[in-house]
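Asker: What follows is a single structure, and I will ask about it in a moment.
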Number of protein chains: 2
Amino acid sequence: MRMTKTIFYHAGCPVCVSAEQDILKIIDRTLIDVEVVHLGEQSQRINEAERVGVKSVPALVLNGHVLHINYGAGISDLKK
Amino acid sequence: MRMTKTIFYHAGCPVCVSAEQDILKIIDRTLIDVEVVHLGEQSQRINEAERVGVKSVPALVLNGHVLHINYGAGISDLKK
């Protein structure tokens with residue numbers, strides 16, 4: 001069975017860390033491959049996140065859908 | 001291994017349905033028991049949702065943490 005690729009974008013904020021722990025705990029890692037991207041440290045990927053529709057972090061992207069989970073920071077705040 | 005109980009609260013809105021499909025797709029159902037509660041149809045459970053901290057739907061509650069996923073409707077809107 002093909003793994004579904006998901007990307008969890010965050011910025012290291014407390015809301016992000018908490019959401020990451022919860023999400024990684026419930027995801028079926030045998031079916032779902034999760035890449036964790038820290039946009040504070042990998043700012044060159046902010047544009048990629050915006051292109052797929054990420055408006056705030058933390059966010060989980062799967063199959064082109066964006067799940068914005070709680071609200072840690074707006075993506076525009078990460079560019080400052 | 002004990003199943004972790006989670007509750008997905010929604011109100012039948014398009015944002016809710018889309019989030020529900022995504023979440024149920026990625027959750028490890030062998031470890032995580034998900035109860036789906038439609039607050040539009042089960043309005044007697046709105047108070048329970050509020051007590052655990054649900055501010056908007058869709059939301060996933062696990063271990064006392066609330067993951068607000070995208071934004072379909074505010075919980076106060078469901079009381080009208």
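Ordering of the structure tokens sets the chain letters (A, B, ...); residue numbers start at 1 within each chain; ligands are numbered from 1 in the order shown.
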Taking the DSSP secondary structure from the backbone, can you list the residues of chain A that are strand (DSSP E or B), as a ChimeraX atom specification?

Answerer: /A:4-10,27,32-38,56-62,65-74

Asker: For region 11-16 of chain B, please output as a PDB file with N, CA, C and O atoms, in the first residue's frame all residues within 6 Å (counting only C-alpha atoms; exclusion window: fewer than 5 positions along the same chain).

Answerer:
ATOM      1  N   HIS B  38     -22.035  15.291  16.205  1.00  0.00           N
ATOM      2  CA  HIS B  38     -22.611  16.372  15.405  1.00  0.00           C
ATOM      3  C   HIS B  38     -23.381  17.285  16.354  1.00  0.00           C
ATOM      4  O   HIS B  38     -24.484  16.947  16.795  1.00  0.00           O
ATOM      5  N   LEU B  39     -22.800  18.445  16.650  1.00  0.00           N
ATOM      6  CA  LEU B  39     -23.399  19.330  17.654  1.00  0.00           C
ATOM      7  C   LEU B  39     -24.674  20.006  17.151  1.00  0.00           C
ATOM      8  O   LEU B  39     -25.460  20.504  17.958  1.00  0.00           O
ATOM      9  N   GLY B  40     -24.863  20.000  15.838  1.00  0.00           N
ATOM     10  CA  GLY B  40     -26.129  20.526  15.315  1.00  0.00           C
ATOM     11  C   GLY B  40     -27.281  19.593  15.661  1.00  0.00           C
ATOM     12  O   GLY B  40     -28.390  20.030  15.956  1.00  0.00           O
ATOM     13  N   PRO B  58     -14.796  22.501  13.061  1.00  0.00           N
ATOM     14  CA  PRO B  58     -14.509  21.205  13.662  1.00  0.00           C
ATOM     15  C   PRO B  58     -13.382  21.266  14.691  1.00  0.00           C
ATOM     16  O   PRO B  58     -12.508  22.122  14.595  1.00  0.00           O
ATOM     17  N   GLY B  72     -14.973  26.200  10.941  1.00  0.00           N
ATOM     18  CA  GLY B  72     -16.276  26.068  10.294  1.00  0.00           C
ATOM     19  C   GLY B  72     -17.275  27.026  10.912  1.00  0.00           C
ATOM     20  O   GLY B  72     -17.915  27.808  10.211  1.00  0.00           O
TER      21      GLY B  72
END

Asker: Taking only C-alpha atoms into account, what are the residues of chain B at most 12 Å from chain A, put as a count of residues only?

Answerer: 43

Asker: Grab the CA of Ile46 (chain A) to CA of Ile75 (chain A) distance for me, in Å with one decimal place.

Answerer: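 Atom-to-atom, CA of Ile46 (chain A) and CA of Ile75 (chain A) are spaced 7.6 Å apart.
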
Asker: Residues of region 3-67 of chain A in alpha helix (DSSP H) according to DSSP, as a list in words?

Answerer: Pro14, Val15, Cys16, Val17, Ser18, Ala19, Glu20, Gln21, Asp22, Ile23, Leu24, Lys25, Ile26, Ile46, Asn47, Glu48, Ala49, Glu50 and Arg51 of chain A
